[in-house]
Amino acid sequence: MITDARVLQTEFVPSEVVHRHAEVDTIAGALEPLVDDDRPEDALLFGPTGVGKTCVARYTVSRLREQLLDLRTCYVNCWSDRTRFRVLYRLLDAIDRTVDVHRRSTPKDELLDRLREADDHPYVAVLDEADQLEDPSLLYDLSRLPHLTLVVVANRETDLFASLSERTSSRLQSSTRLSFDRYGTDELVAILQGRAEQGLEPGAISDSQLRRIADAAAGDARIAIGTLRSAARTAEREDADAITDAMLTDAIPDARETVRQRAIDQLTDHQRVCYRIVAEAGEIEPGDLYERYRERVDEPRTRRTVRDYLSKLDHYNLVRASGEKRGRTYHAVGRSE
DNA sequence: CGTCCACTGGAAGCCGTGGCGC
DNA sequence: GCGCCACGGCTTCCAGTGGACG
């Protein structure tokens, strides 16, 4: 059934990007001057999850590296490395300049200086989920390094710029900006066909089944590919030659659930309690929510902290906040959504 | 209309932890 | 071992704001 499990991973960067040629060209265009030893532009990529931002960024950068042998590149996910220190550390680590970082306990911007000095080769850094950075002014400092080119990936343009200071945003105004729309069903089908061809036995899944997956994924390629993987696993486990419609029926909710579960697993205990309260209530107001939270945990955090938890849950689509200021309610994010 | 109130999210500061130089 | 410092998680304080209500 499965001939190549790698291509069924959502993180897999295909050798040819389906349906994002224009985007690839735009970013490649921004970076192109590097080939002639010229000054490239930074690139900003925006769009919701599962629309191929990360994929396009990584693909474009890796293709550029084929042309430019001495190009340095690094991919940083700012969700897992969200502090200034960690991002800088990653960027240095990728070029082997971290050797003695721990000695001489880092005076404020030792790491940045070090990165500045490592300018013997051009460097392209992909900063994924950049709106998660705790200290967004890092973007400003990085954008001022002449040999470093940024490819910044974030969800919403407005959110990212809201968190930036005046000088940072004006500095980034001039960069190449690109918004990604949700995939249409046909585009998702094409993506799935590519993955099925590379990863599954011929005839394992029909086009109409792929279309069904694409429909259910509502424009999100991560969900679509996850569904395909889940169905293929079931087929393999049951020793079937092909994926049946019944397997798909199971796989469709499964893929969303997996995405959600992975996010839930990353929460702390207190955050999880908050999530459960909203999930159980379906819809709840902040006051009640905090009361229940206080009853349920041993050493409750303050309201302010719980507010931070909730905005985090909102950000990861585990709950949805509607209304603002006084009129706010928190909703569970439904399974069928 | 003005006033009160609930709620949000920024800012500053506290504190435990952990790595480092001495 | 000691003092130092960065860091992250948290609290405290607060300005701002939309909705409810007299």
# chains A, B, ... in the order shown; residues from 1 in each chain; ligands from 1
>>> residues_around(residues="Val87 of chain A", least_positions_apart="3", cutoff="9 Å", atoms="only C-alpha atoms (C1' of nucleotides)", output="PyMOL selection string")
chain A and resi 76-78+81-84+90-92+127+133+138
>>> residues_around(residues="segment 2-12 of chain C", least_positions_apart="5", cutoff="10 Å", atoms="only C-alpha atoms (C1' of nucleotides)", output="list in words")
Thr83, Phe85, Ser105, Thr106, Pro107, Lys108, Arg301, Thr302, Arg303, Arg304 and Thr305 of chain A; DA12, DG13, DC14, DC15, DG16, DT17, DG18, DG19, DC20, DG21 and DC22 of chain B
>>> atom_distance(atom1="atom CA of Cys74 of chain A", atom2="atom CA of Thr149 of chain A")
10.6 Å
>>> interface_residues(of="chain B", to="chain A", cutoff="7 Å", atoms="only C-alpha atoms (C1' of nucleotides)", output="ChimeraX atom specification")
/B:6-8,20
>>> write_last_selection(atoms="N, CA, C and O atoms (P, O5', C5', C4', C3', O3' and C1' of nucleotides)", output="compact mmCIF listing (two decimals), in the first residue's frame")
# COMPACT_ATOMS: atom_id res chain seq x y z
P DA B 6 -18.34 43.96 37.50
O5' DA B 6 -17.92 43.41 36.06
C5' DA B 6 -18.94 43.11 35.12
C4' DA B 6 -18.30 42.63 33.84
C3' DA B 6 -17.18 41.60 34.03
O3' DA B 6 -17.31 40.67 32.97
C1' DA B 6 -16.30 43.54 32.99
P DC B 7 -16.39 39.40 32.94
O5' DC B 7 -15.25 39.82 31.92
C5' DC B 7 -15.62 40.22 30.61
C4' DC B 7 -14.45 40.87 29.93
C3' DC B 7 -13.12 40.11 30.08
O3' DC B 7 -12.81 39.48 28.85
C1' DC B 7 -12.88 42.49 30.21
P DT B 8 -11.38 38.85 28.60
O5' DT B 8 -10.59 40.05 27.93
C5' DT B 8 -11.05 40.59 26.70
C4' DT B 8 -10.06 41.62 26.19
C3' DT B 8 -8.64 41.07 26.00
O3' DT B 8 -8.23 41.38 24.68
C1' DT B 8 -8.62 43.03 27.37
P DC B 20 27.62 27.20 30.04
O5' DC B 20 28.37 28.36 30.81
C5' DC B 20 27.91 29.69 30.60
C4' DC B 20 28.76 30.66 31.35
C3' DC B 20 30.21 30.22 31.57
O3' DC B 20 31.09 31.19 31.02
C1' DC B 20 29.18 30.91 33.62
>>> atom_distance(atom1="atom CA of Leu192 of chain A", atom2="atom CA of Leu31 of chain A")
28.9 Å
>>> select_by_dssp(residues="segment 54-297 of chain A", states="strand (DSSP E)", output="ChimeraX atom specification")
/A:72-77,123-128,148-154,176-179,283-284
>>> interface_residues(of="chain C", to="chain A", cutoff="7 Å", atoms="only C-alpha atoms (C1' of nucleotides)", output="NGL selection string")
:C and (17-19)
>>> write_last_selection(atoms="N, CA and C atoms (P, O5', C5', C4', C3', O3' and C1' of nucleotides)", output="mmCIF file, in the first residue's frame")
data_model
loop_
_atom_site.group_PDB
_atom_site.id
_atom_site.type_symbol
_atom_site.label_atom_id
_atom_site.label_comp_id
_atom_site.auth_asym_id
_atom_site.auth_seq_id
_atom_site.Cartn_x
_atom_site.Cartn_y
_atom_site.Cartn_z
ATOM 1 P P DT C 17 -9.492 53.462 23.634
ATOM 2 O "O5'" DT C 17 -10.643 52.391 23.881
ATOM 3 C "C5'" DT C 17 -10.423 51.038 23.525
ATOM 4 C "C4'" DT C 17 -11.687 50.255 23.845
ATOM 5 C "C3'" DT C 17 -12.975 51.002 23.475
ATOM 6 O "O3'" DT C 17 -13.876 50.066 22.938
ATOM 7 C "C1'" DT C 17 -13.066 50.314 25.691
ATOM 8 P P DG C 18 -14.734 50.479 21.673
ATOM 9 O "O5'" DG C 18 -15.962 49.469 21.774
ATOM 10 C "C5'" DG C 18 -15.695 48.083 21.811
ATOM 11 C "C4'" DG C 18 -16.704 47.422 22.734
ATOM 12 C "C3'" DG C 18 -18.155 47.790 22.424
ATOM 13 O "O3'" DG C 18 -18.912 46.590 22.485
ATOM 14 C "C1'" DG C 18 -17.651 48.305 24.689
ATOM 15 P P DG C 19 -20.388 46.526 22.067
ATOM 16 O "O5'" DG C 19 -21.125 46.333 23.467
ATOM 17 C "C5'" DG C 19 -20.901 45.129 24.165
ATOM 18 C "C4'" DG C 19 -21.635 45.162 25.484
ATOM 19 C "C3'" DG C 19 -23.129 45.464 25.373
ATOM 20 O "O3'" DG C 19 -23.792 44.553 26.245
ATOM 21 C "C1'" DG C 19 -22.091 47.026 26.826
#
>>> select_by_dssp(residues="segment 45-170 of chain A", states="alpha helix (DSSP H)", output="ChimeraX atom specification")
/A:53-67,84-93,110-117,137-143,157-163,166-170
>>> decode(residues="chain C", atoms="N, CA and C atoms (P, O5', C5', C4', C3', O3' and C1' of nucleotides)", output="PDB file, in the first residue's frame")
ATOM      1  P    DG C   1      29.298  23.219  46.397  1.00  0.00           P
ATOM      2  O5'  DG C   1      30.270  24.433  46.732  1.00  0.00           O
ATOM      3  C5'  DG C   1      30.728  24.678  48.059  1.00  0.00           C
ATOM      4  C4'  DG C   1      30.995  26.155  48.141  1.00  0.00           C
ATOM      5  C3'  DG C   1      29.731  27.009  48.066  1.00  0.00           C
ATOM      6  O3'  DG C   1      29.849  28.121  48.937  1.00  0.00           O
ATOM      7  C1'  DG C   1      31.151  27.525  46.229  1.00  0.00           C
ATOM      8  P    DC C   2      28.654  29.096  49.207  1.00  0.00           P
ATOM      9  O5'  DC C   2      29.022  30.331  48.289  1.00  0.00           O
ATOM     10  C5'  DC C   2      30.258  31.008  48.490  1.00  0.00           C
ATOM     11  C4'  DC C   2      30.311  32.205  47.549  1.00  0.00           C
ATOM     12  C3'  DC C   2      28.990  32.963  47.435  1.00  0.00           C
ATOM     13  O3'  DC C   2      29.223  34.352  47.602  1.00  0.00           O
ATOM     14  C1'  DC C   2      29.764  32.312  45.280  1.00  0.00           C
ATOM     15  P    DG C   3      27.978  35.326  47.765  1.00  0.00           P
ATOM     16  O5'  DG C   3      28.053  36.084  46.377  1.00  0.00           O
ATOM     17  C5'  DG C   3      29.271  36.681  45.962  1.00  0.00           C
ATOM     18  C4'  DG C   3      29.138  37.116  44.518  1.00  0.00           C
ATOM     19  C3'  DG C   3      27.885  37.938  44.222  1.00  0.00           C
ATOM     20  O3'  DG C   3      28.271  39.024  43.380  1.00  0.00           O
ATOM     21  C1'  DG C   3      27.956  36.059  42.792  1.00  0.00           C
ATOM     22  P    DC C   4      27.218  40.055  42.839  1.00  0.00           P
ATOM     23  O5'  DC C   4      27.015  39.531  41.361  1.00  0.00           O
ATOM     24  C5'  DC C   4      28.144  39.290  40.535  1.00  0.00           C
ATOM     25  C4'  DC C   4      27.676  38.943  39.136  1.00  0.00           C
ATOM     26  C3'  DC C   4      26.416  39.694  38.722  1.00  0.00           C
ATOM     27  O3'  DC C   4      26.637  40.307  37.474  1.00  0.00           O
ATOM     28  C1'  DC C   4      26.158  37.358  38.382  1.00  0.00           C
ATOM     29  P    DC C   5      25.642  41.426  36.954  1.00  0.00           P
ATOM     30  O5'  DC C   5      24.906  40.608  35.806  1.00  0.00           O
ATOM     31  C5'  DC C   5      25.678  39.892  34.840  1.00  0.00           C
ATOM     32  C4'  DC C   5      24.763  38.964  34.087  1.00  0.00           C
ATOM     33  C3'  DC C   5      23.430  39.616  33.727  1.00  0.00           C
ATOM     34  O3'  DC C   5      23.183  39.389  32.358  1.00  0.00           O
ATOM     35  C1'  DC C   5      23.073  37.532  34.752  1.00  0.00           C
ATOM     36  P    DA C   6      22.164  40.324  31.593  1.00  0.00           P
ATOM     37  O5'  DA C   6      21.423  39.229  30.722  1.00  0.00           O
ATOM     38  C5'  DA C   6      22.180  38.254  30.026  1.00  0.00           C
ATOM     39  C4'  DA C   6      21.338  37.025  29.806  1.00  0.00           C
ATOM     40  C3'  DA C   6      19.960  37.316  29.213  1.00  0.00           C
ATOM     41  O3'  DA C   6      19.684  36.338  28.245  1.00  0.00           O
ATOM     42  C1'  DA C   6      19.716  36.134  31.240  1.00  0.00           C
ATOM     43  P    DC C   7      18.490  36.487  27.260  1.00  0.00           P
ATOM     44  O5'  DC C   7      17.576  35.232  27.593  1.00  0.00           O
ATOM     45  C5'  DC C   7      17.965  34.326  28.603  1.00  0.00           C
ATOM     46  C4'  DC C   7      16.771  33.496  28.991  1.00  0.00           C
ATOM     47  C3'  DC C   7      15.425  34.005  28.452  1.00  0.00           C
ATOM     48  O3'  DC C   7      14.650  32.904  28.042  1.00  0.00           O
ATOM     49  C1'  DC C   7      15.380  33.917  30.806  1.00  0.00           C
ATOM     50  P    DG C   8      13.377  33.130  27.188  1.00  0.00           P
ATOM     51  O5'  DG C   8      12.286  32.298  28.002  1.00  0.00           O
ATOM     52  C5'  DG C   8      12.643  31.108  28.659  1.00  0.00           C
ATOM     53  C4'  DG C   8      11.629  30.828  29.750  1.00  0.00           C
ATOM     54  C3'  DG C   8      10.188  31.139  29.349  1.00  0.00           C
ATOM     55  O3'  DG C   8       9.370  30.135  29.918  1.00  0.00           O
ATOM     56  C1'  DG C   8      10.758  32.422  31.230  1.00  0.00           C
ATOM     57  P    DG C   9       7.884  29.955  29.496  1.00  0.00           P
ATOM     58  O5'  DG C   9       7.119  30.185  30.872  1.00  0.00           O
ATOM     59  C5'  DG C   9       7.377  29.319  31.962  1.00  0.00           C
ATOM     60  C4'  DG C   9       6.781  29.930  33.195  1.00  0.00           C
ATOM     61  C3'  DG C   9       5.329  30.365  33.017  1.00  0.00           C
ATOM     62  O3'  DG C   9       4.570  29.844  34.089  1.00  0.00           O
ATOM     63  C1'  DG C   9       6.619  32.147  33.866  1.00  0.00           C
ATOM     64  P    DC C  10       2.995  29.991  34.102  1.00  0.00           P
ATOM     65  O5'  DC C  10       2.797  31.270  35.033  1.00  0.00           O
ATOM     66  C5'  DC C  10       3.139  31.179  36.415  1.00  0.00           C
ATOM     67  C4'  DC C  10       3.309  32.541  37.007  1.00  0.00           C
ATOM     68  C3'  DC C  10       2.077  33.419  36.986  1.00  0.00           C
ATOM     69  O3'  DC C  10       1.335  33.226  38.188  1.00  0.00           O
ATOM     70  C1'  DC C  10       4.124  34.631  36.654  1.00  0.00           C
ATOM     71  P    DT C  11      -0.013  34.044  38.416  1.00  0.00           P
ATOM     72  O5'  DT C  11       0.536  35.416  39.023  1.00  0.00           O
ATOM     73  C5'  DT C  11       1.317  35.390  40.214  1.00  0.00           C
ATOM     74  C4'  DT C  11       1.644  36.814  40.627  1.00  0.00           C
ATOM     75  C3'  DT C  11       0.409  37.690  40.851  1.00  0.00           C
ATOM     76  O3'  DT C  11       0.569  38.424  42.059  1.00  0.00           O
ATOM     77  C1'  DT C  11       1.842  38.689  39.249  1.00  0.00           C
ATOM     78  P    DT C  12      -0.669  39.224  42.693  1.00  0.00           P
ATOM     79  O5'  DT C  12      -0.261  40.758  42.536  1.00  0.00           O
ATOM     80  C5'  DT C  12       1.096  41.116  42.385  1.00  0.00           C
ATOM     81  C4'  DT C  12       1.185  42.577  41.948  1.00  0.00           C
ATOM     82  C3'  DT C  12      -0.086  43.410  42.138  1.00  0.00           C
ATOM     83  O3'  DT C  12       0.297  44.690  42.624  1.00  0.00           O
ATOM     84  C1'  DT C  12       0.573  43.476  39.876  1.00  0.00           C
ATOM     85  P    DC C  13      -0.808  45.753  43.115  1.00  0.00           P
ATOM     86  O5'  DC C  13      -0.821  46.735  41.861  1.00  0.00           O
ATOM     87  C5'  DC C  13       0.412  47.189  41.329  1.00  0.00           C
ATOM     88  C4'  DC C  13       0.157  48.002  40.069  1.00  0.00           C
ATOM     89  C3'  DC C  13      -1.134  48.826  40.102  1.00  0.00           C
ATOM     90  O3'  DC C  13      -0.815  50.168  39.746  1.00  0.00           O
ATOM     91  C1'  DC C  13      -0.986  47.587  38.103  1.00  0.00           C
ATOM     92  P    DC C  14      -1.932  51.285  39.722  1.00  0.00           P
ATOM     93  O5'  DC C  14      -2.254  51.321  38.172  1.00  0.00           O
ATOM     94  C5'  DC C  14      -1.176  51.403  37.250  1.00  0.00           C
ATOM     95  C4'  DC C  14      -1.739  51.423  35.852  1.00  0.00           C
ATOM     96  C3'  DC C  14      -3.037  52.216  35.735  1.00  0.00           C
ATOM     97  O3'  DC C  14      -2.964  53.083  34.627  1.00  0.00           O
ATOM     98  C1'  DC C  14      -3.283  50.089  34.769  1.00  0.00           C
ATOM     99  P    DA C  15      -3.810  54.430  34.646  1.00  0.00           P
ATOM    100  O5'  DA C  15      -3.940  54.722  33.098  1.00  0.00           O
ATOM    101  C5'  DA C  15      -2.869  54.380  32.226  1.00  0.00           C
ATOM    102  C4'  DA C  15      -3.438  53.923  30.906  1.00  0.00           C
ATOM    103  C3'  DA C  15      -4.617  54.762  30.411  1.00  0.00           C
ATOM    104  O3'  DA C  15      -4.473  54.939  29.021  1.00  0.00           O
ATOM    105  C1'  DA C  15      -5.289  52.503  30.626  1.00  0.00           C
ATOM    106  P    DG C  16      -5.484  55.834  28.210  1.00  0.00           P
ATOM    107  O5'  DG C  16      -6.341  54.739  27.436  1.00  0.00           O
ATOM    108  C5'  DG C  16      -5.685  53.666  26.777  1.00  0.00           C
ATOM    109  C4'  DG C  16      -6.736  52.723  26.244  1.00  0.00           C
ATOM    110  C3'  DG C  16      -7.991  53.431  25.738  1.00  0.00           C
ATOM    111  O3'  DG C  16      -8.324  52.865  24.488  1.00  0.00           O
ATOM    112  C1'  DG C  16      -8.576  51.741  27.281  1.00  0.00           C
ATOM    113  P    DT C  17      -9.492  53.462  23.634  1.00  0.00           P
ATOM    114  O5'  DT C  17     -10.643  52.391  23.881  1.00  0.00           O
ATOM    115  C5'  DT C  17     -10.423  51.038  23.525  1.00  0.00           C
ATOM    116  C4'  DT C  17     -11.687  50.255  23.845  1.00  0.00           C
ATOM    117  C3'  DT C  17     -12.975  51.002  23.475  1.00  0.00           C
ATOM    118  O3'  DT C  17     -13.876  50.066  22.938  1.00  0.00           O
ATOM    119  C1'  DT C  17     -13.066  50.314  25.691  1.00  0.00           C
ATOM    120  P    DG C  18     -14.734  50.479  21.673  1.00  0.00           P
ATOM    121  O5'  DG C  18     -15.962  49.469  21.774  1.00  0.00           O
ATOM    122  C5'  DG C  18     -15.695  48.083  21.811  1.00  0.00           C
ATOM    123  C4'  DG C  18     -16.704  47.422  22.734  1.00  0.00           C
ATOM    124  C3'  DG C  18     -18.155  47.790  22.424  1.00  0.00           C
ATOM    125  O3'  DG C  18     -18.912  46.590  22.485  1.00  0.00           O
ATOM    126  C1'  DG C  18     -17.651  48.305  24.689  1.00  0.00           C
ATOM    127  P    DG C  19     -20.388  46.526  22.067  1.00  0.00           P
ATOM    128  O5'  DG C  19     -21.125  46.333  23.467  1.00  0.00           O
ATOM    129  C5'  DG C  19     -20.901  45.129  24.165  1.00  0.00           C
ATOM    130  C4'  DG C  19     -21.635  45.162  25.484  1.00  0.00           C
ATOM    131  C3'  DG C  19     -23.129  45.464  25.373  1.00  0.00           C
ATOM    132  O3'  DG C  19     -23.792  44.553  26.245  1.00  0.00           O
ATOM    133  C1'  DG C  19     -22.091  47.026  26.826  1.00  0.00           C
ATOM    134  P    DA C  20     -25.356  44.541  26.415  1.00  0.00           P
ATOM    135  O5'  DA C  20     -25.529  45.205  27.856  1.00  0.00           O
ATOM    136  C5'  DA C  20     -24.928  44.587  28.988  1.00  0.00           C
ATOM    137  C4'  DA C  20     -25.379  45.298  30.246  1.00  0.00           C
ATOM    138  C3'  DA C  20     -26.873  45.606  30.312  1.00  0.00           C
ATOM    139  O3'  DA C  20     -27.303  45.414  31.648  1.00  0.00           O
ATOM    140  C1'  DA C  20     -25.658  47.628  30.425  1.00  0.00           C
ATOM    141  P    DC C  21     -28.840  45.426  32.057  1.00  0.00           P
ATOM    142  O5'  DC C  21     -28.911  46.472  33.246  1.00  0.00           O
ATOM    143  C5'  DC C  21     -27.724  47.118  33.707  1.00  0.00           C
ATOM    144  C4'  DC C  21     -28.054  48.530  34.145  1.00  0.00           C
ATOM    145  C3'  DC C  21     -29.541  48.898  34.085  1.00  0.00           C
ATOM    146  O3'  DC C  21     -29.864  49.659  35.240  1.00  0.00           O
ATOM    147  C1'  DC C  21     -28.311  50.487  32.919  1.00  0.00           C
ATOM    148  P    DG C  22     -31.372  49.803  35.776  1.00  0.00           P
ATOM    149  O5'  DG C  22     -31.427  51.302  36.298  1.00  0.00           O
ATOM    150  C5'  DG C  22     -30.599  51.698  37.384  1.00  0.00           C
ATOM    151  C4'  DG C  22     -30.221  53.154  37.245  1.00  0.00           C
ATOM    152  C3'  DG C  22     -31.412  54.121  37.343  1.00  0.00           C
ATOM    153  O3'  DG C  22     -31.054  55.214  38.167  1.00  0.00           O
ATOM    154  C1'  DG C  22     -30.228  54.499  35.323  1.00  0.00           C
TER     155       DG C  22
END
